[in-house]
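Next comes run-v1.txt, a file with compact mmCIF, N, CA and C atoms.
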# COMPACT_ATOMS: atom_id res chain seq x y z
N MET A 1 7.73 39.91 -42.46
CA MET A 1 8.44 38.66 -42.60
C MET A 1 9.55 38.58 -41.54
N ASN A 2 10.21 39.70 -41.30
CA ASN A 2 11.29 39.72 -40.31
C ASN A 2 10.76 39.40 -38.92
N ALA A 3 9.55 39.84 -38.61
CA ALA A 3 8.99 39.63 -37.27
C ALA A 3 8.52 38.19 -37.07
N TRP A 4 7.89 37.58 -38.04
CA TRP A 4 7.27 36.27 -37.85
C TRP A 4 8.12 35.11 -38.35
N LEU A 5 8.86 35.32 -39.42
CA LEU A 5 9.68 34.25 -40.00
C LEU A 5 11.13 34.74 -40.12
N HIS A 6 11.75 35.00 -38.99
CA HIS A 6 13.07 35.64 -38.99
C HIS A 6 14.13 34.81 -39.72
N GLU A 7 14.13 33.50 -39.52
CA GLU A 7 15.13 32.66 -40.18
C GLU A 7 14.99 32.74 -41.71
N LEU A 8 13.76 32.72 -42.19
CA LEU A 8 13.51 32.85 -43.62
C LEU A 8 13.92 34.23 -44.11
N TYR A 9 13.64 35.25 -43.30
CA TYR A 9 14.02 36.62 -43.68
C TYR A 9 15.53 36.75 -43.79
N LYS A 10 16.27 36.11 -42.89
CA LYS A 10 17.73 36.19 -42.95
C LYS A 10 18.26 35.59 -44.25
N VAL A 11 17.59 34.56 -44.75
CA VAL A 11 18.02 33.92 -45.98
C VAL A 11 17.57 34.70 -47.21
N LEU A 12 16.33 35.20 -47.19
CA LEU A 12 15.74 35.84 -48.37
C LEU A 12 15.68 37.36 -48.30
N GLY A 13 16.13 37.97 -47.22
CA GLY A 13 15.95 39.41 -46.99
C GLY A 13 16.31 40.29 -48.16
N LEU A 14 17.48 40.09 -48.74
CA LEU A 14 17.91 40.91 -49.87
C LEU A 14 17.03 40.70 -51.09
N PHE A 15 16.61 39.48 -51.32
CA PHE A 15 15.87 39.15 -52.53
C PHE A 15 14.43 39.64 -52.49
N ILE A 16 13.87 39.85 -51.30
CA ILE A 16 12.50 40.34 -51.19
C ILE A 16 12.37 41.70 -51.86
N ALA A 17 13.30 42.60 -51.59
CA ALA A 17 13.26 43.93 -52.21
C ALA A 17 13.42 43.82 -53.72
N LEU A 18 14.30 42.95 -54.18
CA LEU A 18 14.48 42.78 -55.63
C LEU A 18 13.22 42.23 -56.29
N ILE A 19 12.54 41.32 -55.62
CA ILE A 19 11.30 40.76 -56.16
C ILE A 19 10.23 41.84 -56.24
N VAL A 20 10.14 42.69 -55.23
CA VAL A 20 9.14 43.76 -55.23
C VAL A 20 9.40 44.73 -56.38
N VAL A 21 10.64 45.13 -56.58
CA VAL A 21 10.97 46.05 -57.68
C VAL A 21 10.67 45.38 -59.02
N ASN A 22 11.03 44.12 -59.15
CA ASN A 22 10.77 43.39 -60.39
C ASN A 22 9.27 43.33 -60.67
N CYS A 23 8.48 43.07 -59.64
CA CYS A 23 7.02 43.00 -59.83
C CYS A 23 6.45 44.35 -60.22
N ALA A 24 6.98 45.43 -59.66
CA ALA A 24 6.50 46.76 -60.01
C ALA A 24 6.78 47.07 -61.49
N ILE A 25 7.97 46.75 -61.93
CA ILE A 25 8.35 47.02 -63.32
C ILE A 25 7.54 46.14 -64.27
N LEU A 26 7.46 44.86 -63.98
CA LEU A 26 6.72 43.95 -64.86
C LEU A 26 5.22 44.24 -64.85
N GLY A 27 4.67 44.60 -63.70
CA GLY A 27 3.25 44.93 -63.62
C GLY A 27 2.90 46.14 -64.46
N ARG A 28 3.74 47.14 -64.43
CA ARG A 28 3.51 48.35 -65.23
C ARG A 28 3.63 48.02 -66.72
N SER A 29 4.65 47.24 -67.08
CA SER A 29 4.84 46.86 -68.48
C SER A 29 3.67 46.03 -68.99
N GLU A 30 3.19 45.11 -68.17
CA GLU A 30 2.07 44.27 -68.57
C GLU A 30 0.79 45.08 -68.76
N SER A 31 0.55 46.03 -67.86
CA SER A 31 -0.67 46.84 -67.99
C SER A 31 -0.64 47.69 -69.25
N PHE A 32 0.55 48.13 -69.68
CA PHE A 32 0.65 48.88 -70.92
C PHE A 32 0.48 47.95 -72.12
N ALA A 33 1.12 46.78 -72.07
CA ALA A 33 1.09 45.87 -73.20
C ALA A 33 -0.30 45.32 -73.47
N VAL A 34 -1.13 45.18 -72.45
CA VAL A 34 -2.48 44.67 -72.64
C VAL A 34 -3.31 45.63 -73.49
N LYS A 35 -3.06 46.93 -73.36
CA LYS A 35 -3.89 47.94 -74.03
C LYS A 35 -3.30 48.44 -75.34
N ASN A 36 -2.07 48.05 -75.68
CA ASN A 36 -1.40 48.58 -76.86
C ASN A 36 -0.81 47.45 -77.70
N GLY A 37 -0.35 47.81 -78.90
CA GLY A 37 0.21 46.84 -79.82
C GLY A 37 1.64 46.46 -79.47
N VAL A 38 2.20 45.56 -80.30
CA VAL A 38 3.53 45.02 -80.04
C VAL A 38 4.60 46.10 -80.17
N ALA A 39 4.55 46.90 -81.24
CA ALA A 39 5.59 47.91 -81.46
C ALA A 39 5.58 48.96 -80.34
N ALA A 40 4.40 49.45 -80.00
CA ALA A 40 4.31 50.44 -78.93
C ALA A 40 4.76 49.86 -77.60
N SER A 41 4.43 48.60 -77.36
CA SER A 41 4.83 47.95 -76.12
C SER A 41 6.34 47.75 -76.06
N ALA A 42 6.95 47.43 -77.20
CA ALA A 42 8.40 47.26 -77.24
C ALA A 42 9.10 48.59 -76.97
N VAL A 43 8.63 49.66 -77.59
CA VAL A 43 9.22 50.98 -77.35
C VAL A 43 9.01 51.39 -75.91
N ASP A 44 7.82 51.16 -75.38
CA ASP A 44 7.54 51.49 -73.99
C ASP A 44 8.42 50.69 -73.04
N GLY A 45 8.59 49.41 -73.31
CA GLY A 45 9.45 48.57 -72.46
C GLY A 45 10.89 49.05 -72.45
N LEU A 46 11.40 49.40 -73.63
CA LEU A 46 12.76 49.91 -73.72
C LEU A 46 12.89 51.23 -72.98
N ALA A 47 11.94 52.13 -73.18
CA ALA A 47 11.99 53.43 -72.52
C ALA A 47 11.84 53.29 -71.01
N MET A 48 10.95 52.42 -70.56
CA MET A 48 10.78 52.22 -69.12
C MET A 48 12.03 51.58 -68.51
N GLY A 49 12.63 50.65 -69.20
CA GLY A 49 13.87 50.03 -68.71
C GLY A 49 14.98 51.06 -68.57
N LEU A 50 15.14 51.90 -69.59
CA LEU A 50 16.16 52.96 -69.52
C LEU A 50 15.83 53.97 -68.43
N GLY A 51 14.55 54.28 -68.29
CA GLY A 51 14.13 55.23 -67.25
C GLY A 51 14.39 54.71 -65.86
N PHE A 52 14.00 53.45 -65.59
CA PHE A 52 14.25 52.86 -64.28
C PHE A 52 15.75 52.75 -64.01
N THR A 53 16.52 52.36 -65.03
CA THR A 53 17.96 52.27 -64.87
C THR A 53 18.56 53.63 -64.54
N GLY A 54 18.14 54.66 -65.26
CA GLY A 54 18.64 56.00 -64.99
C GLY A 54 18.28 56.49 -63.60
N ALA A 55 17.05 56.22 -63.18
CA ALA A 55 16.62 56.65 -61.85
C ALA A 55 17.40 55.93 -60.76
N LEU A 56 17.61 54.63 -60.91
CA LEU A 56 18.36 53.89 -59.91
C LEU A 56 19.83 54.29 -59.87
N VAL A 57 20.42 54.55 -61.03
CA VAL A 57 21.82 55.02 -61.07
C VAL A 57 21.93 56.39 -60.42
N LEU A 58 21.01 57.30 -60.73
CA LEU A 58 21.04 58.64 -60.13
C LEU A 58 20.86 58.55 -58.62
N LEU A 59 19.94 57.73 -58.17
CA LEU A 59 19.71 57.55 -56.74
C LEU A 59 20.96 56.98 -56.07
N GLY A 60 21.59 56.01 -56.70
CA GLY A 60 22.82 55.43 -56.16
C GLY A 60 23.95 56.44 -56.11
N LEU A 61 24.08 57.27 -57.14
CA LEU A 61 25.12 58.30 -57.15
C LEU A 61 24.91 59.31 -56.03
N VAL A 62 23.68 59.75 -55.84
CA VAL A 62 23.39 60.73 -54.78
C VAL A 62 23.69 60.12 -53.42
N ARG A 63 23.26 58.88 -53.20
CA ARG A 63 23.48 58.24 -51.90
C ARG A 63 24.96 58.01 -51.64
N GLU A 64 25.72 57.58 -52.65
CA GLU A 64 27.15 57.36 -52.46
C GLU A 64 27.86 58.68 -52.19
N PHE A 65 27.51 59.71 -52.94
CA PHE A 65 28.17 61.00 -52.79
C PHE A 65 27.90 61.61 -51.42
N LEU A 66 26.63 61.61 -50.99
CA LEU A 66 26.29 62.20 -49.70
C LEU A 66 26.62 61.27 -48.54
N GLY A 67 26.55 59.97 -48.75
CA GLY A 67 26.79 59.02 -47.67
C GLY A 67 28.25 58.74 -47.39
N SER A 68 29.06 58.70 -48.42
CA SER A 68 30.47 58.37 -48.24
C SER A 68 31.41 59.48 -48.69
N GLY A 69 30.90 60.42 -49.44
CA GLY A 69 31.77 61.47 -49.97
C GLY A 69 32.61 61.00 -51.14
N THR A 70 32.13 59.97 -51.83
CA THR A 70 32.87 59.44 -52.97
C THR A 70 31.93 59.26 -54.16
N LEU A 71 32.51 59.12 -55.31
CA LEU A 71 31.80 58.71 -56.52
C LEU A 71 32.66 57.66 -57.20
N PHE A 72 32.07 56.56 -57.58
CA PHE A 72 32.76 55.47 -58.25
C PHE A 72 33.96 54.98 -57.44
N ALA A 73 33.77 54.85 -56.12
CA ALA A 73 34.84 54.39 -55.25
C ALA A 73 35.32 53.01 -55.68
N GLN A 74 36.60 52.85 -55.79
CA GLN A 74 37.26 51.60 -56.16
C GLN A 74 36.83 51.09 -57.53
N ALA A 75 36.53 51.99 -58.44
CA ALA A 75 36.16 51.58 -59.80
C ALA A 75 37.32 50.88 -60.49
N SER A 76 38.54 51.24 -60.13
CA SER A 76 39.71 50.61 -60.76
C SER A 76 39.81 49.14 -60.39
N GLN A 77 39.32 48.75 -59.22
CA GLN A 77 39.35 47.34 -58.85
C GLN A 77 38.35 46.53 -59.66
N LEU A 78 37.24 47.14 -60.01
CA LEU A 78 36.21 46.44 -60.77
C LEU A 78 36.51 46.47 -62.27
N LEU A 79 36.90 47.64 -62.78
CA LEU A 79 37.05 47.82 -64.22
C LEU A 79 38.50 47.83 -64.71
N GLY A 80 39.44 47.87 -63.80
CA GLY A 80 40.85 47.90 -64.17
C GLY A 80 41.45 49.27 -63.92
N PRO A 81 42.77 49.35 -63.91
CA PRO A 81 43.44 50.61 -63.58
C PRO A 81 43.17 51.74 -64.56
N ALA A 82 42.75 51.42 -65.78
CA ALA A 82 42.47 52.47 -66.76
C ALA A 82 41.27 53.33 -66.35
N PHE A 83 40.43 52.82 -65.44
CA PHE A 83 39.24 53.56 -65.02
C PHE A 83 39.41 54.23 -63.67
N SER A 84 40.63 54.37 -63.19
CA SER A 84 40.85 55.02 -61.91
C SER A 84 40.52 56.51 -61.97
N PHE A 85 40.46 57.09 -63.16
CA PHE A 85 40.11 58.51 -63.29
C PHE A 85 38.67 58.78 -62.86
N LEU A 86 37.83 57.77 -62.82
CA LEU A 86 36.44 57.94 -62.41
C LEU A 86 36.29 58.19 -60.91
N GLU A 87 37.25 57.73 -60.13
CA GLU A 87 37.14 57.78 -58.68
C GLU A 87 37.27 59.21 -58.16
N VAL A 88 36.25 59.65 -57.42
CA VAL A 88 36.23 61.00 -56.84
C VAL A 88 36.02 60.86 -55.35
N LYS A 89 36.80 61.59 -54.56
CA LYS A 89 36.64 61.59 -53.11
C LYS A 89 36.72 63.02 -52.60
N ILE A 90 35.76 63.38 -51.74
CA ILE A 90 35.79 64.70 -51.12
C ILE A 90 36.75 64.63 -49.94
N PRO A 91 37.86 65.38 -49.97
CA PRO A 91 38.80 65.31 -48.86
C PRO A 91 38.19 65.90 -47.58
N GLY A 92 38.36 65.20 -46.49
CA GLY A 92 37.91 65.67 -45.19
C GLY A 92 36.43 65.48 -44.91
N TYR A 93 35.70 64.86 -45.82
CA TYR A 93 34.26 64.63 -45.62
C TYR A 93 34.06 63.21 -45.11
N GLY A 94 33.49 63.08 -43.93
CA GLY A 94 33.29 61.76 -43.34
C GLY A 94 32.05 61.05 -43.83
N GLY A 95 31.13 61.78 -44.44
CA GLY A 95 29.91 61.17 -44.94
C GLY A 95 28.77 61.30 -43.96
N ALA A 96 27.58 61.05 -44.43
CA ALA A 96 26.37 61.09 -43.62
C ALA A 96 25.81 59.67 -43.58
N LEU A 97 25.84 59.07 -42.42
CA LEU A 97 25.42 57.68 -42.28
C LEU A 97 23.98 57.47 -42.74
N LEU A 98 23.11 58.44 -42.50
CA LEU A 98 21.71 58.31 -42.88
C LEU A 98 21.56 58.01 -44.37
N MET A 99 22.39 58.60 -45.21
CA MET A 99 22.24 58.41 -46.66
C MET A 99 22.63 57.00 -47.10
N ILE A 100 23.43 56.31 -46.30
CA ILE A 100 23.82 54.94 -46.65
C ILE A 100 22.73 53.95 -46.23
N LEU A 101 21.98 54.29 -45.19
CA LEU A 101 20.93 53.42 -44.67
C LEU A 101 19.66 53.53 -45.50
N PRO A 102 18.74 52.55 -45.39
CA PRO A 102 17.50 52.60 -46.18
C PRO A 102 16.68 53.88 -46.06
N PRO A 103 16.55 54.50 -44.87
CA PRO A 103 15.80 55.76 -44.83
C PRO A 103 16.44 56.86 -45.69
N GLY A 104 17.74 56.79 -45.87
CA GLY A 104 18.42 57.75 -46.73
C GLY A 104 18.00 57.61 -48.18
N ALA A 105 17.68 56.38 -48.59
CA ALA A 105 17.20 56.17 -49.96
C ALA A 105 15.85 56.84 -50.15
N PHE A 106 14.97 56.71 -49.15
CA PHE A 106 13.67 57.36 -49.24
C PHE A 106 13.82 58.88 -49.25
N ALA A 107 14.71 59.40 -48.41
CA ALA A 107 14.94 60.85 -48.38
C ALA A 107 15.49 61.34 -49.71
N ALA A 108 16.49 60.63 -50.24
CA ALA A 108 17.08 61.03 -51.52
C ALA A 108 16.05 60.95 -52.64
N LEU A 109 15.24 59.88 -52.65
CA LEU A 109 14.20 59.76 -53.67
C LEU A 109 13.19 60.88 -53.55
N GLY A 110 12.83 61.24 -52.33
CA GLY A 110 11.91 62.36 -52.12
C GLY A 110 12.47 63.66 -52.65
N PHE A 111 13.74 63.93 -52.38
CA PHE A 111 14.35 65.16 -52.88
C PHE A 111 14.47 65.14 -54.41
N LEU A 112 14.78 63.99 -54.99
CA LEU A 112 14.86 63.90 -56.45
C LEU A 112 13.48 64.13 -57.08
N LEU A 113 12.44 63.56 -56.49
CA LEU A 113 11.08 63.77 -57.01
C LEU A 113 10.64 65.22 -56.83
N ALA A 114 11.00 65.83 -55.70
CA ALA A 114 10.67 67.24 -55.50
C ALA A 114 11.39 68.11 -56.53
N GLY A 115 12.64 67.79 -56.82
CA GLY A 115 13.37 68.53 -57.84
C GLY A 115 12.74 68.38 -59.22
N LYS A 116 12.30 67.17 -59.54
CA LYS A 116 11.64 66.94 -60.83
C LYS A 116 10.34 67.73 -60.92
N ARG A 117 9.56 67.74 -59.84
CA ARG A 117 8.31 68.52 -59.84
C ARG A 117 8.58 70.01 -60.00
N LEU A 118 9.65 70.49 -59.36
CA LEU A 118 10.01 71.90 -59.49
C LEU A 118 10.38 72.24 -60.93
N ILE A 119 11.17 71.37 -61.55
CA ILE A 119 11.55 71.59 -62.95
C ILE A 119 10.32 71.55 -63.84
N ASP A 120 9.42 70.58 -63.63
CA ASP A 120 8.20 70.48 -64.43
C ASP A 120 7.33 71.73 -64.27
N ARG A 121 7.22 72.23 -63.05
CA ARG A 121 6.42 73.43 -62.80
C ARG A 121 7.01 74.64 -63.52
N ARG A 122 8.33 74.78 -63.44
CA ARG A 122 8.97 75.92 -64.12
C ARG A 122 8.80 75.82 -65.63
N LEU A 123 8.92 74.62 -66.19
CA LEU A 123 8.73 74.46 -67.63
C LEU A 123 7.28 74.77 -68.02
N ALA A 124 6.32 74.37 -67.20
CA ALA A 124 4.91 74.66 -67.49
C ALA A 124 4.65 76.16 -67.41
N GLU A 125 5.27 76.85 -66.45
CA GLU A 125 5.11 78.30 -66.35
C GLU A 125 5.69 79.00 -67.57
N ARG A 126 6.85 78.54 -68.03
CA ARG A 126 7.45 79.13 -69.23
C ARG A 126 6.57 78.90 -70.46
N GLU A 127 6.03 77.70 -70.56
CA GLU A 127 5.16 77.39 -71.69
C GLU A 127 3.89 78.23 -71.65
N ALA A 128 3.33 78.43 -70.46
CA ALA A 128 2.14 79.28 -70.32
C ALA A 128 2.46 80.72 -70.67
N ALA A 129 3.63 81.18 -70.28
CA ALA A 129 4.03 82.56 -70.61
C ALA A 129 4.22 82.71 -72.12
N ARG A 130 4.82 81.69 -72.77
CA ARG A 130 4.98 81.74 -74.23
C ARG A 130 3.63 81.72 -74.93
N ALA A 131 2.72 80.92 -74.42
CA ALA A 131 1.39 80.85 -75.04
C ALA A 131 0.64 82.17 -74.86
N ALA A 132 0.82 82.82 -73.71
CA ALA A 132 0.17 84.11 -73.47
C ALA A 132 0.73 85.18 -74.38
N VAL A 133 2.05 85.16 -74.62
CA VAL A 133 2.68 86.13 -75.52
C VAL A 133 2.23 85.86 -76.95
N ALA A 134 2.15 84.59 -77.33
CA ALA A 134 1.72 84.25 -78.69
C ALA A 134 0.26 84.62 -78.93
N ALA A 135 -0.57 84.51 -77.90
CA ALA A 135 -1.98 84.83 -78.04
C ALA A 135 -2.22 86.34 -78.08
N ALA A 136 -1.30 87.10 -77.50
CA ALA A 136 -1.47 88.55 -77.45
C ALA A 136 -1.08 89.24 -78.70
Give the structure from the file, written as structure tokens.
Amino acid sequence: MNAWLHELYKVLGLFIALIVVNCAILGRSESFAVKNGVAASAVDGLAMGLGFTGALVLLGLVREFLGSGTLFAQASQLLGPAFSFLEVKIPGYGGALLMILPPGAFAALGFLLAGKRLIDRRLAEREAARAAVAAA
């Protein structure tokens, strides 16, 4: 869109990504709801919403921390002075520009997924070891 309809991209650029994420979430929810009942679909929708929210918050925290060296920067301006205790800054850290840019999001997401796979593998190995001990 940026290459062929640049003027339209300048107006809609931010919203294109939001539409894509929205379609991914709704498409997954719809495919589950078609095959299951109302109660299961409601629980699945709530769980998927919380899961996507948690993943996006974690990704944002990692990118802010590595990109700027801060956590909850200027939270007191948004939430009031009572929330200034949330603001964390690493003294002397200039940040990594890559983590603020879009490729940094892909890198951070890749590392988070690799970490999840590592945790899943370790849990599966522990479960296999417990099953082997129980069988013996």
Please identify which residues in region 8-108 of chain A DSSP calls strand (DSSP E or B) from the backbone, and express them as a JSON list (two decimals) with N, CA and C atoms, keeping the file's coordinate frame.
[["chain", "number", "residue", "atom", "x", "y", "z"],
["A", 70, "THR", "N", 32.13, 59.97, -51.83],
["A", 70, "THR", "CA", 32.87, 59.44, -52.97],
["A", 70, "THR", "C", 31.93, 59.26, -54.16],
["A", 71, "LEU", "N", 32.51, 59.12, -55.31],
["A", 71, "LEU", "CA", 31.80, 58.71, -56.52],
["A", 71, "LEU", "C", 32.66, 57.66, -57.20],
["A", 88, "VAL", "N", 36.25, 59.65, -57.42],
["A", 88, "VAL", "CA", 36.23, 61.00, -56.84],
["A", 88, "VAL", "C", 36.02, 60.86, -55.35],
["A", 89, "LYS", "N", 36.80, 61.59, -54.56],
["A", 89, "LYS", "CA", 36.64, 61.59, -53.11],
["A", 89, "LYS", "C", 36.72, 63.02, -52.60]]
Residue with smallest distance to Met99 (chain A) - pool A:Leu46, A:Ala24, A:Ile119, A:Leu59, counting only C-alpha atoms: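 Checking each of A:Leu46, A:Ala24, A:Ile119, A:Leu59 against Met99 (chain A), counting only C-alpha atoms, the winner is A:Leu59.
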Selection near Arg63 (chain A), 7 Å with all atoms listed in the file, sequence-local residues under 2 positions removed, as a ChimeraX atom specification: /A:58-61,65-69,99-100,104-105,108
Length of the CA of Leu71 (chain A) to CA of Val88 (chain A) vector [Å]: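 Rounded to one decimal, the two atoms are 5.0 Å apart.
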d(atom C of Val34 (chain A), atom N of Ala17 (chain A)) in Å: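 Here the two named atoms are 27.7 Å from each other.
The space between atom C of Ser29 (chain A) and CA of Gly45 (chain A) spans 7.2 Å.
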Distance criterion (only C-alpha atoms): nearest to Leu101 (chain A) out of A:Glu64, A:Arg126, A:Ile16, A:Ala42: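 Closest to Leu101 (chain A) of all the choices is A:Glu64.
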Where does DSSP see alpha helix (DSSP H) in region 28-97 of chain A, if you list the residues as an mmCIF file with N, CA and C atoms, keeping the file's coordinate frame?
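Wrote it out as states03.cif, contents follow:
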data_model
loop_
_atom_site.group_PDB
_atom_site.id
_atom_site.type_symbol
_atom_site.label_atom_id
_atom_site.label_comp_id
_atom_site.auth_asym_id
_atom_site.auth_seq_id
_atom_site.Cartn_x
_atom_site.Cartn_y
_atom_site.Cartn_z
ATOM 1 N N ARG A 28 3.740 47.140 -64.430
ATOM 2 C CA ARG A 28 3.510 48.350 -65.230
ATOM 3 C C ARG A 28 3.630 48.020 -66.720
ATOM 4 N N SER A 29 4.650 47.240 -67.080
ATOM 5 C CA SER A 29 4.840 46.860 -68.480
ATOM 6 C C SER A 29 3.670 46.030 -68.990
ATOM 7 N N GLU A 30 3.190 45.110 -68.170
ATOM 8 C CA GLU A 30 2.070 44.270 -68.570
ATOM 9 C C GLU A 30 0.790 45.080 -68.760
ATOM 10 N N SER A 31 0.550 46.030 -67.860
ATOM 11 C CA SER A 31 -0.670 46.840 -67.990
ATOM 12 C C SER A 31 -0.640 47.690 -69.250
ATOM 13 N N PHE A 32 0.550 48.130 -69.680
ATOM 14 C CA PHE A 32 0.650 48.880 -70.920
ATOM 15 C C PHE A 32 0.480 47.950 -72.120
ATOM 16 N N ALA A 33 1.120 46.780 -72.070
ATOM 17 C CA ALA A 33 1.090 45.870 -73.200
ATOM 18 C C ALA A 33 -0.300 45.320 -73.470
ATOM 19 N N VAL A 34 -1.130 45.180 -72.450
ATOM 20 C CA VAL A 34 -2.480 44.670 -72.640
ATOM 21 C C VAL A 34 -3.310 45.630 -73.490
ATOM 22 N N LYS A 35 -3.060 46.930 -73.360
ATOM 23 C CA LYS A 35 -3.890 47.940 -74.030
ATOM 24 C C LYS A 35 -3.300 48.440 -75.340
ATOM 25 N N VAL A 38 2.200 45.560 -80.300
ATOM 26 C CA VAL A 38 3.530 45.020 -80.040
ATOM 27 C C VAL A 38 4.600 46.100 -80.170
ATOM 28 N N ALA A 39 4.550 46.900 -81.240
ATOM 29 C CA ALA A 39 5.590 47.910 -81.460
ATOM 30 C C ALA A 39 5.580 48.960 -80.340
ATOM 31 N N ALA A 40 4.400 49.450 -80.000
ATOM 32 C CA ALA A 40 4.310 50.440 -78.930
ATOM 33 C C ALA A 40 4.760 49.860 -77.600
ATOM 34 N N SER A 41 4.430 48.600 -77.360
ATOM 35 C CA SER A 41 4.830 47.950 -76.120
ATOM 36 C C SER A 41 6.340 47.750 -76.060
ATOM 37 N N ALA A 42 6.950 47.430 -77.200
ATOM 38 C CA ALA A 42 8.400 47.260 -77.240
ATOM 39 C C ALA A 42 9.100 48.590 -76.970
ATOM 40 N N VAL A 43 8.630 49.660 -77.590
ATOM 41 C CA VAL A 43 9.220 50.980 -77.350
ATOM 42 C C VAL A 43 9.010 51.390 -75.910
ATOM 43 N N ASP A 44 7.820 51.160 -75.380
ATOM 44 C CA ASP A 44 7.540 51.490 -73.990
ATOM 45 C C ASP A 44 8.420 50.690 -73.040
ATOM 46 N N GLY A 45 8.590 49.410 -73.310
ATOM 47 C CA GLY A 45 9.450 48.570 -72.460
ATOM 48 C C GLY A 45 10.890 49.050 -72.450
ATOM 49 N N LEU A 46 11.400 49.400 -73.630
ATOM 50 C CA LEU A 46 12.760 49.910 -73.720
ATOM 51 C C LEU A 46 12.890 51.230 -72.980
ATOM 52 N N ALA A 47 11.940 52.130 -73.180
ATOM 53 C CA ALA A 47 11.990 53.430 -72.520
ATOM 54 C C ALA A 47 11.840 53.290 -71.010
ATOM 55 N N MET A 48 10.950 52.420 -70.560
ATOM 56 C CA MET A 48 10.780 52.220 -69.120
ATOM 57 C C MET A 48 12.030 51.580 -68.510
ATOM 58 N N GLY A 49 12.630 50.650 -69.200
ATOM 59 C CA GLY A 49 13.870 50.030 -68.710
ATOM 60 C C GLY A 49 14.980 51.060 -68.570
ATOM 61 N N LEU A 50 15.140 51.900 -69.590
ATOM 62 C CA LEU A 50 16.160 52.960 -69.520
ATOM 63 C C LEU A 50 15.830 53.970 -68.430
ATOM 64 N N GLY A 51 14.550 54.280 -68.290
ATOM 65 C CA GLY A 51 14.130 55.230 -67.250
ATOM 66 C C GLY A 51 14.390 54.710 -65.860
ATOM 67 N N PHE A 52 14.000 53.450 -65.590
ATOM 68 C CA PHE A 52 14.250 52.860 -64.280
ATOM 69 C C PHE A 52 15.750 52.750 -64.010
ATOM 70 N N THR A 53 16.520 52.360 -65.030
ATOM 71 C CA THR A 53 17.960 52.270 -64.870
ATOM 72 C C THR A 53 18.560 53.630 -64.540
ATOM 73 N N GLY A 54 18.140 54.660 -65.260
ATOM 74 C CA GLY A 54 18.640 56.000 -64.990
ATOM 75 C C GLY A 54 18.280 56.490 -63.600
ATOM 76 N N ALA A 55 17.050 56.220 -63.180
ATOM 77 C CA ALA A 55 16.620 56.650 -61.850
ATOM 78 C C ALA A 55 17.400 55.930 -60.760
ATOM 79 N N LEU A 56 17.610 54.630 -60.910
ATOM 80 C CA LEU A 56 18.360 53.890 -59.910
ATOM 81 C C LEU A 56 19.830 54.290 -59.870
ATOM 82 N N VAL A 57 20.420 54.550 -61.030
ATOM 83 C CA VAL A 57 21.820 55.020 -61.070
ATOM 84 C C VAL A 57 21.930 56.390 -60.420
ATOM 85 N N LEU A 58 21.010 57.300 -60.730
ATOM 86 C CA LEU A 58 21.040 58.640 -60.130
ATOM 87 C C LEU A 58 20.860 58.550 -58.620
ATOM 88 N N LEU A 59 19.940 57.730 -58.170
ATOM 89 C CA LEU A 59 19.710 57.550 -56.740
ATOM 90 C C LEU A 59 20.960 56.980 -56.070
ATOM 91 N N GLY A 60 21.590 56.010 -56.700
ATOM 92 C CA GLY A 60 22.820 55.430 -56.160
ATOM 93 C C GLY A 60 23.950 56.440 -56.110
ATOM 94 N N LEU A 61 24.080 57.270 -57.140
ATOM 95 C CA LEU A 61 25.120 58.300 -57.150
ATOM 96 C C LEU A 61 24.910 59.310 -56.030
ATOM 97 N N VAL A 62 23.680 59.750 -55.840
ATOM 98 C CA VAL A 62 23.390 60.730 -54.780
ATOM 99 C C VAL A 62 23.690 60.120 -53.420
ATOM 100 N N ARG A 63 23.260 58.880 -53.200
ATOM 101 C CA ARG A 63 23.480 58.240 -51.900
ATOM 102 C C ARG A 63 24.960 58.010 -51.640
ATOM 103 N N GLU A 64 25.720 57.580 -52.650
ATOM 104 C CA GLU A 64 27.150 57.360 -52.460
ATOM 105 C C GLU A 64 27.860 58.680 -52.190
ATOM 106 N N PHE A 65 27.510 59.710 -52.940
ATOM 107 C CA PHE A 65 28.170 61.000 -52.790
ATOM 108 C C PHE A 65 27.900 61.610 -51.420
ATOM 109 N N LEU A 66 26.630 61.610 -50.990
ATOM 110 C CA LEU A 66 26.290 62.200 -49.700
ATOM 111 C C LEU A 66 26.620 61.270 -48.540
ATOM 112 N N GLY A 67 26.550 59.970 -48.750
ATOM 113 C CA GLY A 67 26.790 59.020 -47.670
ATOM 114 C C GLY A 67 28.250 58.740 -47.390
ATOM 115 N N SER A 68 29.060 58.700 -48.420
ATOM 116 C CA SER A 68 30.470 58.370 -48.240
ATOM 117 C C SER A 68 31.410 59.480 -48.690
ATOM 118 N N ALA A 75 36.530 51.990 -58.440
ATOM 119 C CA ALA A 75 36.160 51.580 -59.800
ATOM 120 C C ALA A 75 37.320 50.880 -60.490
ATOM 121 N N SER A 76 38.540 51.240 -60.130
ATOM 122 C CA SER A 76 39.710 50.610 -60.760
ATOM 123 C C SER A 76 39.810 49.140 -60.390
ATOM 124 N N GLN A 77 39.320 48.750 -59.220
ATOM 125 C CA GLN A 77 39.350 47.340 -58.850
ATOM 126 C C GLN A 77 38.350 46.530 -59.660
ATOM 127 N N LEU A 78 37.240 47.140 -60.010
ATOM 128 C CA LEU A 78 36.210 46.440 -60.770
ATOM 129 C C LEU A 78 36.510 46.470 -62.270
ATOM 130 N N LEU A 79 36.900 47.640 -62.780
ATOM 131 C CA LEU A 79 37.050 47.820 -64.220
ATOM 132 C C LEU A 79 38.500 47.830 -64.710
ATOM 133 N N LEU A 97 25.840 59.070 -42.420
ATOM 134 C CA LEU A 97 25.420 57.680 -42.280
ATOM 135 C C LEU A 97 23.980 57.470 -42.740
#
Box for region 73-85 of chain A: with edges along x, y and z, all listed atoms inside and 4 Å added on each side, what are the centre and edge lengths in Å to one decimal, as lines of an AutoDock Vina configuration file?
center_x = 38.6
center_y = 52.6
center_z = -61.0
size_x = 17.7
size_y = 20.3
size_z = 19.5
Residue neighbourhood region 47-52 of chain A, 12 Å, only C-alpha atoms, exclusion window fewer than 4 positions, as a list in words: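 Once the adjacent positions are removed, what remains is Val21, Asn22, Ala24, Ile25, Leu26, Gly27, Arg28, Ser29, Glu30, Phe32, Ala40, Ser41, Ala42, Val43, Leu56, Val57, Leu58 and Leu59 of chain A.
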